[in-house]
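**Q** What follows is a single structure, and I will ask about it in a moment.
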Amino acid sequence: MNLTLSDGGSLFVEELGAGFPVIVLHGGPGLDHSMFRPYLDPLADQFRLLYVDERGQGLSERVDPATLSLDVFARDVDLLAEALGLERFGLLGHSFGAIITTKHAIELGRA
């Protein structure tokens, strides 16, 4: 599904399972969420997995690469949570997604 964020941006999210939500961020830049499928899918037995294509990547809306920064990617986590109505969530990132996760935790006070 494509979700429109409050800043006008759009992210592609594939949702699987139910339970506590976990936002999953892929590596890259230039990759997409498919790097996790089907390997993480068994976690959907206990969690609501939210596989995200980060801004401008994968099936998400194309944007001018000059508008992208680590700050933008980290802020997108909260904009996505807001669009989904999530008050609490886990955040799992691999490679560049882990850098976004760390930036989010440090700068935005979330862990």
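Residues are named by chain letter and number: chains run A, B, ... in the order of the structure tokens, numbers start at 1 in each chain, and ligands are numbered from 1 in the order shown.
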So that I can see what lies close to region 24-40 of chain A, please list as a list in words the residues with an atom at most 10 Å from it, counting only C-alpha atoms and leaving out residues fewer than 5 positions away in the same chain.
**A** Phe12, Val13, Glu14, Leu49, Leu50, Tyr51, Val52, Asp53, Glu54, Arg55, Gly56, Gln57, Gly58, Leu59, Ser60, Phe73, Val77, Gly90, Leu91, Leu92, Gly93, His94, Ser95, Phe96, Gly97, Ala98, Ile99, Ile100 and Thr101 of chain A
**Q** Can you tell me which residues surround Gly17 (chain A) at a distance of at most 6 Å, considering only C-alpha atoms, apart from same-chain residues fewer than 4 positions away, and format the answer as JSON, numbers by chain?
**A** {"A": [44, 47, 48]}
**Q** How many Å lie between CA of Thr67 (chain A) and CA of Leu84 (chain A), rounded to one decimal?
**A**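 Atom-to-atom, CA of Thr67 (chain A) and CA of Leu84 (chain A) are spaced 23.6 Å apart.
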**Q** Based on DSSP run over this structure's backbone, return all residues of chain A in alpha helix (DSSP H), as a PyMOL selection string.
**A** chain A and resi 70-84+96-107
**Q** Can you pull out the residues contacting Gly85 (chain A)? Cut-off 12 Å, using only C-alpha atoms, and skip same-chain residues under 6 positions away; I want them as an MDAnalysis selection string.
**A** chainID A and resid 3 5 21 78:79
**Q** When you draw a straight line from CA of His104 (chain A) to CA of Arg62 (chain A), how long is it in Å?
**A**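 Separating CA of His104 (chain A) from CA of Arg62 (chain A) is a distance of 22.4 Å.
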